[in-house]
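Take a look at the structure below.
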Amino acid sequence: MSFSINSTNKLMSDRGINDNGRVQKYIDREAIRLMSPYTPKETTALITSATRLTKIGSGLIRQGGASAPYGRRWYYEKANFKGAPMRGNYWFKRTMQNGGAKIILQGAKKEAGL
């Protein structure tokens with residue numbers, strides 16, 4: 001009896017957990033979607049910048065840029081935001097603490113076929 005074992009890269013690719021794979025793309029999209037209601041919103045510039053500036057699948061979400069240069073300051077500094085207390089600083093961290101991490105993990109497992 002003989003058997004063969006696929007390479008690690010092949011196994012990861014088959015599950016979609018390789019670099020820029022379908023699981024990472026899911027995680028990036030879902031994180032952006034879930035943090036949207038927590039993101040400060042004077043206009044929609046900061047919220048839409050996440051989709052516009054992020055290379056989906058990279059594992060790095062970018063926000064702000066030229067359309068919302070205040071993004072970094074708003075993330076760390078406490079301020080009066082419209083829609084507070086849900087909208088406010090540390091929006092990514094609060095999204096993950098308020099069930100976002102669990103939702104993303106469950107979806108990622110499903111996306112990977114686990």
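Labels used: A, B, ... for chains in the order of the structure tokens, numbers from 1 for residues in each chain, and numbers from 1 for ligands as shown.
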If DSSP is run on the backbone, what residues of chain A are alpha helix (DSSP H)? A reply as a count of residues only would be ideal. 54
Excluding Tyr38 in chain A and residues on its chain fewer than 2 positions from it, collect all residues at most 9 Å away from it, counting only C-alpha atoms, and give them as a PyMOL selection string. chain A and resi 34-36+40-41+83-92+94-95
Which residue, A:Ile27, A:Glu42, A:Lys55, A:Arg73, has the smallest gap to Ile103 in chain A when you use only C-alpha atoms? A:Ile27
Length of the CA of Asp19 in chain A to CA of Gly59 in chain A vector [Å]: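 Spanning CA of Asp19 in chain A to CA of Gly59 in chain A is a straight-line distance of 8.9 Å.
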Counting only C-alpha atoms, figure out which residue out of A:Asn18, A:Asp28, A:Gly71, A:Val23 gets nearest to Thr44 in chain A.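 Selected residue with least distance to Thr44 in chain A: A:Gly71.
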Min atom-atom distance to Ile61 in chain A from the set A:Thr8, A:Asn80, A:Gln106, A:Thr48, counting only C-alpha atoms, belongs to A:Thr48
